[in-house]
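Trainee: Dumping the structure here so I can ask a few things about it.
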Amino acid sequence: MSASADWIDLLEGELDSAAEAELEVLLRQSIIDRKQFLLLSRLRDRIAETDCWTVAKTKVESLEYQKQLTDKIMGAIRKKARPVKPVRGTPRS
Amino acid sequence: MMAFLTDHDGGRVERRNSMDSDHLILERVKQGDINAFSTIVQRHQKAMLFVVLRVVGDLMLAEDVVQEAFIKAFQKIESFQGRSKFKSWLFQIAINTAKNRLRSMRSDVVDIDKVSVSHAETQETDLSRMDLHRILNTEIESLPPKQKLALSLRIYDDMSFAEIAEVMDCPYDTAKANYRHALLKLRDKLGSSLDLKGWSEDRTLLVEAER
C-alpha cells in the first residue's frame, strides 16, 4: 500500500490504533509527510464544500416537497405495484 | 416499546426503539400492509434522492428513478432477507435503477461505466475559492463513475466503507480503493491549485507544519 493510501486511511479513521499512533509520530517528525497529509485533508474539505446540488437540496429539504414526493411514490405503488401476498411469519436471515 | 435486534454484520446486538425499526415495518408490509410502506418511503426518500441526483444529475429524473426504485423494492420486498441493512439494499436498487436509466438514455452514445470526460487541465496557482470549486466540480464529474460514486457516498452522504460496499455491491476493499483512487486522482490533477499556500486559512496550519 502506498504512503498516500496510508494518509487517506488515517484521514478516514480506517486504521487500528497502533498504525494510527505510528503515522502520528511520522506526522510530528516529517514536514514532507505533514504537508502530504494536510493536502489530502484540505482536498477532502474542499470537496465537501463543492456539493453542487445545494439548490436542489434546499428544495428537497422542504417538508411540503417531501410530503408531495411521498404521496406521488405511494400513489404509483398503489397503482402499479403487485400487492404483497400476506405471508405466515417472516423469513429470518 | 423497545426491541433487541441483531446487527447485519457481526451478530452484534443493539437496542432500538421498535417504532424506528425498518425491519418491524417491513414485517407489516410483508403481511400485506401497503400503507406501512409509506413510513419506509418517508424515511429514506430524501437520502435516496440525493444519492440518485448525483448519479443522474437532474432532479426530475432523480424523482422518477427514486419512485421506480421504491416500486421495485416494494415488489421485491419478499426477497429481502435482512442479511444486509435495509437502507443499503434500497440504495443498491436505486443506484442500479439510475444506472440502467442512464444506460437506456445513452446506450447509443457511450457505455456509462466507461464514460470519462476529458478536460483541459487548469493549473493556476492562485485560484479563488469559487474557481477551485468550479474546477473541482468539473474534475469530480470527469472521474470514472464508480470512483465518483464512492467519493460522493463517503464525503457527501457520510457513509461508512461497509455501507458503500453494500450499496455498490462490491467488496469492502474495492469500495475503499475506488474512494482512494478518486481522491488521489483529484489531488494529482489539482495538486498545484491546492497548494496550501494558496489558502489563507491554511497558512496557520502550514506554519505549524513547517515548525
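Just so we're on the same page: first chain in the C-alpha cells is A, next is B, and so on; residues restart at 1 for each chain, and ligands are numbered from 1 in the order they show up.
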Skip Thr39 of chain B itself and residues of its chain fewer than 6 positions away, then list as a PDB file with all heavy atoms, in the first residue's frame all residues within 12 Å of it, counting only C-alpha atoms.
Mentor:
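Saved as out35.pdb:
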```
ATOM      1  N   LYS A  67     -43.504  15.694   1.412  1.00  0.00           N
ATOM      2  CA  LYS A  67     -44.847  15.107   1.521  1.00  0.00           C
ATOM      3  C   LYS A  67     -45.389  14.789   0.133  1.00  0.00           C
ATOM      4  O   LYS A  67     -45.940  13.709  -0.117  1.00  0.00           O
ATOM      5  CB  LYS A  67     -45.775  16.081   2.267  1.00  0.00           C
ATOM      6  CG  LYS A  67     -47.134  15.477   2.555  1.00  0.00           C
ATOM      7  CD  LYS A  67     -48.077  16.475   3.181  1.00  0.00           C
ATOM      8  CE  LYS A  67     -49.467  15.856   3.358  1.00  0.00           C
ATOM      9  NZ  LYS A  67     -50.032  15.260   2.147  1.00  0.00           N
ATOM     10  N   THR A  70     -43.632  11.742  -1.243  1.00  0.00           N
ATOM     11  CA  THR A  70     -44.148  10.500  -0.630  1.00  0.00           C
ATOM     12  C   THR A  70     -45.496  10.132  -1.239  1.00  0.00           C
ATOM     13  O   THR A  70     -45.731   8.975  -1.600  1.00  0.00           O
ATOM     14  CB  THR A  70     -44.328  10.675   0.900  1.00  0.00           C
ATOM     15  OG1 THR A  70     -43.098  11.111   1.456  1.00  0.00           O
ATOM     16  CG2 THR A  70     -44.738   9.373   1.565  1.00  0.00           C
ATOM     17  N   ASP A  71     -46.386  11.151  -1.362  1.00  0.00           N
ATOM     18  CA  ASP A  71     -47.720  10.886  -1.918  1.00  0.00           C
ATOM     19  C   ASP A  71     -47.609  10.361  -3.343  1.00  0.00           C
ATOM     20  O   ASP A  71     -48.314   9.432  -3.739  1.00  0.00           O
ATOM     21  CB  ASP A  71     -48.569  12.171  -1.899  1.00  0.00           C
ATOM     22  CG  ASP A  71     -48.939  12.582  -0.483  1.00  0.00           C
ATOM     23  OD1 ASP A  71     -48.769  11.743   0.434  1.00  0.00           O
ATOM     24  OD2 ASP A  71     -49.387  13.728  -0.283  1.00  0.00           O
ATOM     25  N   ILE A  73     -45.010   8.824  -4.770  1.00  0.00           N
ATOM     26  CA  ILE A  73     -44.429   7.473  -4.790  1.00  0.00           C
ATOM     27  C   ILE A  73     -45.463   6.443  -4.333  1.00  0.00           C
ATOM     28  O   ILE A  73     -45.654   5.404  -4.968  1.00  0.00           O
ATOM     29  CB  ILE A  73     -43.160   7.410  -3.892  1.00  0.00           C
ATOM     30  CG1 ILE A  73     -42.045   8.243  -4.526  1.00  0.00           C
ATOM     31  CG2 ILE A  73     -42.712   5.966  -3.686  1.00  0.00           C
ATOM     32  CD1 ILE A  73     -40.850   8.492  -3.613  1.00  0.00           C
ATOM     33  N   MET A  74     -46.164   6.753  -3.227  1.00  0.00           N
ATOM     34  CA  MET A  74     -47.152   5.795  -2.720  1.00  0.00           C
ATOM     35  C   MET A  74     -48.317   5.641  -3.700  1.00  0.00           C
ATOM     36  O   MET A  74     -48.871   4.555  -3.854  1.00  0.00           O
ATOM     37  CB  MET A  74     -47.662   6.227  -1.334  1.00  0.00           C
ATOM     38  CG  MET A  74     -46.649   6.054  -0.225  1.00  0.00           C
ATOM     39  SD  MET A  74     -45.921   4.400  -0.137  1.00  0.00           S
ATOM     40  CE  MET A  74     -47.340   3.376   0.256  1.00  0.00           C
TER      41      MET A  74
ATOM     42  N   MET B  19     -40.392   1.330  17.148  1.00  0.00           N
ATOM     43  CA  MET B  19     -41.107   2.214  16.229  1.00  0.00           C
ATOM     44  C   MET B  19     -40.180   2.703  15.125  1.00  0.00           C
ATOM     45  O   MET B  19     -40.608   3.116  14.075  1.00  0.00           O
ATOM     46  CB  MET B  19     -41.684   3.423  16.987  1.00  0.00           C
ATOM     47  CG  MET B  19     -42.765   3.071  17.975  1.00  0.00           C
ATOM     48  SD  MET B  19     -44.197   2.291  17.211  1.00  0.00           S
ATOM     49  CE  MET B  19     -44.917   3.721  16.398  1.00  0.00           C
ATOM     50  N   ASP B  20     -38.880   2.686  15.409  1.00  0.00           N
ATOM     51  CA  ASP B  20     -37.919   3.203  14.442  1.00  0.00           C
ATOM     52  C   ASP B  20     -37.316   2.119  13.559  1.00  0.00           C
ATOM     53  O   ASP B  20     -36.501   2.408  12.698  1.00  0.00           O
ATOM     54  CB  ASP B  20     -36.782   3.923  15.171  1.00  0.00           C
ATOM     55  CG  ASP B  20     -37.279   5.184  15.827  1.00  0.00           C
ATOM     56  OD1 ASP B  20     -38.259   5.766  15.327  1.00  0.00           O
ATOM     57  OD2 ASP B  20     -36.704   5.561  16.842  1.00  0.00           O
ATOM     58  N   SER B  21     -37.674   0.878  13.775  1.00  0.00           N
ATOM     59  CA  SER B  21     -37.004  -0.192  13.063  1.00  0.00           C
ATOM     60  C   SER B  21     -37.624  -0.465  11.699  1.00  0.00           C
ATOM     61  O   SER B  21     -38.804  -0.743  11.576  1.00  0.00           O
ATOM     62  CB  SER B  21     -37.054  -1.455  13.914  1.00  0.00           C
ATOM     63  OG  SER B  21     -36.751  -2.564  13.123  1.00  0.00           O
ATOM     64  N   ASP B  22     -36.777  -0.381  10.648  1.00  0.00           N
ATOM     65  CA  ASP B  22     -37.239  -0.733   9.309  1.00  0.00           C
ATOM     66  C   ASP B  22     -37.763  -2.166   9.295  1.00  0.00           C
ATOM     67  O   ASP B  22     -38.753  -2.469   8.645  1.00  0.00           O
ATOM     68  CB  ASP B  22     -36.085  -0.629   8.309  1.00  0.00           C
ATOM     69  CG  ASP B  22     -35.835   0.810   7.879  1.00  0.00           C
ATOM     70  OD1 ASP B  22     -36.730   1.655   8.067  1.00  0.00           O
ATOM     71  OD2 ASP B  22     -34.735   1.084   7.355  1.00  0.00           O
ATOM     72  N   HIS B  23     -37.057  -3.033  10.020  1.00  0.00           N
ATOM     73  CA  HIS B  23     -37.380  -4.455   9.944  1.00  0.00           C
ATOM     74  C   HIS B  23     -38.805  -4.750  10.443  1.00  0.00           C
ATOM     75  O   HIS B  23     -39.505  -5.574   9.868  1.00  0.00           O
ATOM     76  CB  HIS B  23     -36.358  -5.282  10.731  1.00  0.00           C
ATOM     77  CG  HIS B  23     -35.015  -5.269  10.074  1.00  0.00           C
ATOM     78  ND1 HIS B  23     -34.615  -6.229   9.189  1.00  0.00           N
ATOM     79  CD2 HIS B  23     -33.999  -4.376  10.137  1.00  0.00           C
ATOM     80  CE1 HIS B  23     -33.398  -5.945   8.739  1.00  0.00           C
ATOM     81  NE2 HIS B  23     -32.998  -4.827   9.315  1.00  0.00           N
ATOM     82  N   LEU B  24     -39.203  -4.049  11.506  1.00  0.00           N
ATOM     83  CA  LEU B  24     -40.555  -4.296  12.011  1.00  0.00           C
ATOM     84  C   LEU B  24     -41.609  -3.758  11.045  1.00  0.00           C
ATOM     85  O   LEU B  24     -42.657  -4.371  10.843  1.00  0.00           O
ATOM     86  CB  LEU B  24     -40.718  -3.676  13.402  1.00  0.00           C
ATOM     87  CG  LEU B  24     -39.870  -4.351  14.482  1.00  0.00           C
ATOM     88  CD1 LEU B  24     -40.033  -3.644  15.812  1.00  0.00           C
ATOM     89  CD2 LEU B  24     -40.239  -5.825  14.622  1.00  0.00           C
ATOM     90  N   ILE B  25     -41.284  -2.616  10.417  1.00  0.00           N
ATOM     91  CA  ILE B  25     -42.218  -2.065   9.424  1.00  0.00           C
ATOM     92  C   ILE B  25     -42.303  -3.018   8.232  1.00  0.00           C
ATOM     93  O   ILE B  25     -43.384  -3.267   7.690  1.00  0.00           O
ATOM     94  CB  ILE B  25     -41.766  -0.661   8.975  1.00  0.00           C
ATOM     95  CG1 ILE B  25     -41.853   0.308  10.160  1.00  0.00           C
ATOM     96  CG2 ILE B  25     -42.632  -0.150   7.834  1.00  0.00           C
ATOM     97  CD1 ILE B  25     -41.156   1.616   9.944  1.00  0.00           C
ATOM     98  N   LEU B  26     -41.156  -3.556   7.838  1.00  0.00           N
ATOM     99  CA  LEU B  26     -41.131  -4.482   6.704  1.00  0.00           C
ATOM    100  C   LEU B  26     -41.988  -5.711   6.964  1.00  0.00           C
ATOM    101  O   LEU B  26     -42.639  -6.232   6.060  1.00  0.00           O
ATOM    102  CB  LEU B  26     -39.693  -4.916   6.395  1.00  0.00           C
ATOM    103  CG  LEU B  26     -38.819  -3.816   5.793  1.00  0.00           C
ATOM    104  CD1 LEU B  26     -37.397  -4.315   5.605  1.00  0.00           C
ATOM    105  CD2 LEU B  26     -39.387  -3.332   4.479  1.00  0.00           C
ATOM    106  N   ARG B  28     -44.674  -5.751   8.649  1.00  0.00           N
ATOM    107  CA  ARG B  28     -46.067  -5.339   8.394  1.00  0.00           C
ATOM    108  C   ARG B  28     -46.352  -5.293   6.903  1.00  0.00           C
ATOM    109  O   ARG B  28     -47.415  -5.709   6.442  1.00  0.00           O
ATOM    110  CB  ARG B  28     -46.329  -3.966   9.031  1.00  0.00           C
ATOM    111  CG  ARG B  28     -46.493  -4.034  10.540  1.00  0.00           C
ATOM    112  CD  ARG B  28     -46.477  -2.658  11.168  1.00  0.00           C
ATOM    113  NE  ARG B  28     -47.465  -1.751  10.581  1.00  0.00           N
ATOM    114  CZ  ARG B  28     -47.396  -0.420  10.670  1.00  0.00           C
ATOM    115  NH1 ARG B  28     -46.398   0.152  11.312  1.00  0.00           N
ATOM    116  NH2 ARG B  28     -48.317   0.329  10.122  1.00  0.00           N
ATOM    117  N   VAL B  29     -45.366  -4.776   6.129  1.00  0.00           N
ATOM    118  CA  VAL B  29     -45.545  -4.709   4.669  1.00  0.00           C
ATOM    119  C   VAL B  29     -45.676  -6.123   4.111  1.00  0.00           C
ATOM    120  O   VAL B  29     -46.536  -6.399   3.273  1.00  0.00           O
ATOM    121  CB  VAL B  29     -44.369  -3.963   4.003  1.00  0.00           C
ATOM    122  CG1 VAL B  29     -44.525  -3.959   2.488  1.00  0.00           C
ATOM    123  CG2 VAL B  29     -44.280  -2.527   4.517  1.00  0.00           C
ATOM    124  N   ASP B  33     -49.638  -4.994   4.481  1.00  0.00           N
ATOM    125  CA  ASP B  33     -49.991  -3.612   4.845  1.00  0.00           C
ATOM    126  C   ASP B  33     -49.226  -2.622   3.957  1.00  0.00           C
ATOM    127  O   ASP B  33     -48.122  -2.196   4.284  1.00  0.00           O
ATOM    128  CB  ASP B  33     -49.657  -3.399   6.330  1.00  0.00           C
ATOM    129  CG  ASP B  33     -50.046  -2.016   6.824  1.00  0.00           C
ATOM    130  OD1 ASP B  33     -50.518  -1.195   6.006  1.00  0.00           O
ATOM    131  OD2 ASP B  33     -49.877  -1.757   8.028  1.00  0.00           O
ATOM    132  N   GLN B  45     -36.610   8.508   1.391  1.00  0.00           N
ATOM    133  CA  GLN B  45     -36.707   9.145   0.075  1.00  0.00           C
ATOM    134  C   GLN B  45     -35.701  10.290  -0.099  1.00  0.00           C
ATOM    135  O   GLN B  45     -35.111  10.440  -1.176  1.00  0.00           O
ATOM    136  CB  GLN B  45     -38.132   9.650  -0.179  1.00  0.00           C
ATOM    137  CG  GLN B  45     -38.590  10.742   0.775  1.00  0.00           C
ATOM    138  CD  GLN B  45     -40.012  11.229   0.503  1.00  0.00           C
ATOM    139  OE1 GLN B  45     -40.743  10.602  -0.255  1.00  0.00           O
ATOM    140  NE2 GLN B  45     -40.398  12.327   1.121  1.00  0.00           N
ATOM    141  N   PHE B  70     -38.441   2.605  -5.479  1.00  0.00           N
ATOM    142  CA  PHE B  70     -39.338   2.212  -4.384  1.00  0.00           C
ATOM    143  C   PHE B  70     -40.354   1.173  -4.863  1.00  0.00           C
ATOM    144  O   PHE B  70     -40.710   0.253  -4.114  1.00  0.00           O
ATOM    145  CB  PHE B  70     -40.063   3.438  -3.811  1.00  0.00           C
ATOM    146  CG  PHE B  70     -39.286   4.128  -2.722  1.00  0.00           C
ATOM    147  CD1 PHE B  70     -38.888   5.448  -2.852  1.00  0.00           C
ATOM    148  CD2 PHE B  70     -38.959   3.462  -1.550  1.00  0.00           C
ATOM    149  CE1 PHE B  70     -38.173   6.089  -1.851  1.00  0.00           C
ATOM    150  CE2 PHE B  70     -38.243   4.092  -0.534  1.00  0.00           C
ATOM    151  CZ  PHE B  70     -37.849   5.413  -0.689  1.00  0.00           C
TER     152      PHE B  70
END
```
Trainee: Show which residues sit within 10 Å of Leu186 of chain B, as number ranges by chain. Count only C-alpha atoms, and ignore same-chain residues fewer than 5 positions away.
Mentor: A: 40, 43-44, 47; B: 136, 139-140, 142-143, 180-181, 191, 194
Trainee: Once you have the residues from the selection above, write them out as a compact mmCIF listing (two decimals), in the first residue's frame, restricted to C-alpha atoms.
Mentor:
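Dumped to part-v3.txt:
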```txt
# COMPACT_ATOMS: atom_id res chain seq x y z
CA LEU A 40 -5.29 15.44 1.37
CA LEU A 43 -8.73 18.49 -0.55
CA ARG A 44 -11.35 16.47 1.30
CA ILE A 47 -14.70 18.54 -1.98
CA LEU B 136 -13.20 20.57 -8.53
CA GLU B 139 -12.88 17.10 -12.19
CA ILE B 140 -15.26 15.17 -9.93
CA SER B 142 -14.86 13.51 -15.01
CA LEU B 143 -13.97 10.70 -12.57
CA ARG B 180 -8.79 6.30 -2.67
CA HIS B 181 -8.26 6.39 -6.43
CA GLY B 191 -2.03 19.48 -6.88
CA LEU B 194 -4.48 23.07 -3.98
```
Trainee: Could you please determine the separation between atom CA of Lys146 of chain B and atom CA of Leu61 of chain B in Å, to one decimal place?
Mentor: 19.8 Å
Trainee: One decimal, Å: what's the distance from atom CA of His133 of chain B over to atom CA of Val52 of chain B, could you say?
Mentor: 21.3 Å
Trainee: Which polymer residues have any atom within 9 Å of an atom of Ala48 of chain A, counting only C-alpha atoms, with same-chain residues fewer than 3 positions away left out, as a PyMOL selection string?
Mentor: (chain A and resi 43-45+51) or (chain B and resi 152+155-156)
Trainee: With only C-alpha atoms as the counted atoms, please give the residues lying no more than 12 Å from Leu26 of chain A, apart from itself and same-chain residues fewer than 4 positions off, as a ChimeraX atom specification.
Mentor: /A:3,6-7,10,19-22,30-37
Trainee: For the structure I just gave you, how does DSSP split segment 24-87 of chain B - specifically, which residues are helix (DSSP H, G or I)? Reply as a PyMOL selection string.
Mentor: chain B and resi 24-30+34-56+59-75+77-79+86-87
Trainee: Please save C-alpha atoms of the selected residues as a compact mmCIF listing (two decimals), in the first residue's frame.
Mentor:
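Writing done, so here's part-v6.txt:
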```
# COMPACT_ATOMS: atom_id res chain seq x y z
CA LEU B 24 -40.55 -4.30 12.01
CA ILE B 25 -42.22 -2.06 9.42
CA LEU B 26 -41.13 -4.48 6.70
CA GLU B 27 -42.82 -7.31 8.55
CA ARG B 28 -46.07 -5.34 8.39
CA VAL B 29 -45.54 -4.71 4.67
CA LYS B 30 -44.86 -8.40 4.12
CA ILE B 34 -49.18 -1.33 1.89
CA ASN B 35 -49.68 1.80 3.99
CA ALA B 36 -46.84 0.77 6.29
CA PHE B 37 -44.53 1.12 3.30
CA SER B 38 -45.15 4.89 3.29
CA THR B 39 -43.13 5.08 6.52
CA ILE B 40 -40.23 3.46 4.65
CA VAL B 41 -40.66 5.93 1.80
CA GLN B 42 -40.79 8.92 4.13
CA ARG B 43 -37.72 7.73 5.99
CA HIS B 44 -35.45 7.09 3.02
CA GLN B 45 -36.71 9.14 0.08
CA LYS B 46 -34.62 12.24 0.81
CA ALA B 47 -31.28 10.46 1.19
CA MET B 48 -32.06 8.28 -1.83
CA LEU B 49 -32.90 11.34 -3.87
CA PHE B 50 -29.57 12.98 -3.03
CA VAL B 51 -27.61 9.87 -3.99
CA VAL B 52 -29.54 9.35 -7.23
CA LEU B 53 -29.28 13.04 -8.04
CA ARG B 54 -25.51 12.73 -8.06
CA VAL B 55 -25.72 9.80 -10.45
CA VAL B 56 -28.23 11.24 -12.93
CA LEU B 59 -33.82 16.48 -10.06
CA MET B 60 -36.88 15.48 -12.09
CA LEU B 61 -35.12 12.43 -13.46
CA ALA B 62 -33.90 11.61 -9.94
CA GLU B 63 -37.50 11.75 -8.66
CA ASP B 64 -38.58 9.29 -11.37
CA VAL B 65 -35.70 6.97 -10.56
CA VAL B 66 -36.44 7.08 -6.82
CA GLN B 67 -40.10 6.35 -7.48
CA GLU B 68 -39.19 3.42 -9.74
CA ALA B 69 -36.72 2.15 -7.15
CA PHE B 70 -39.34 2.21 -4.38
CA ILE B 71 -41.78 0.34 -6.63
CA LYS B 72 -39.12 -2.30 -7.34
CA ALA B 73 -38.27 -2.53 -3.64
CA PHE B 74 -41.94 -2.98 -2.77
CA GLN B 75 -42.36 -5.67 -5.41
CA ILE B 77 -39.75 -7.00 -0.58
CA GLU B 78 -40.07 -10.75 -0.02
CA SER B 79 -36.55 -11.25 -1.37
CA PHE B 86 -32.37 -2.43 4.51
CA LYS B 87 -31.13 1.07 3.66
```
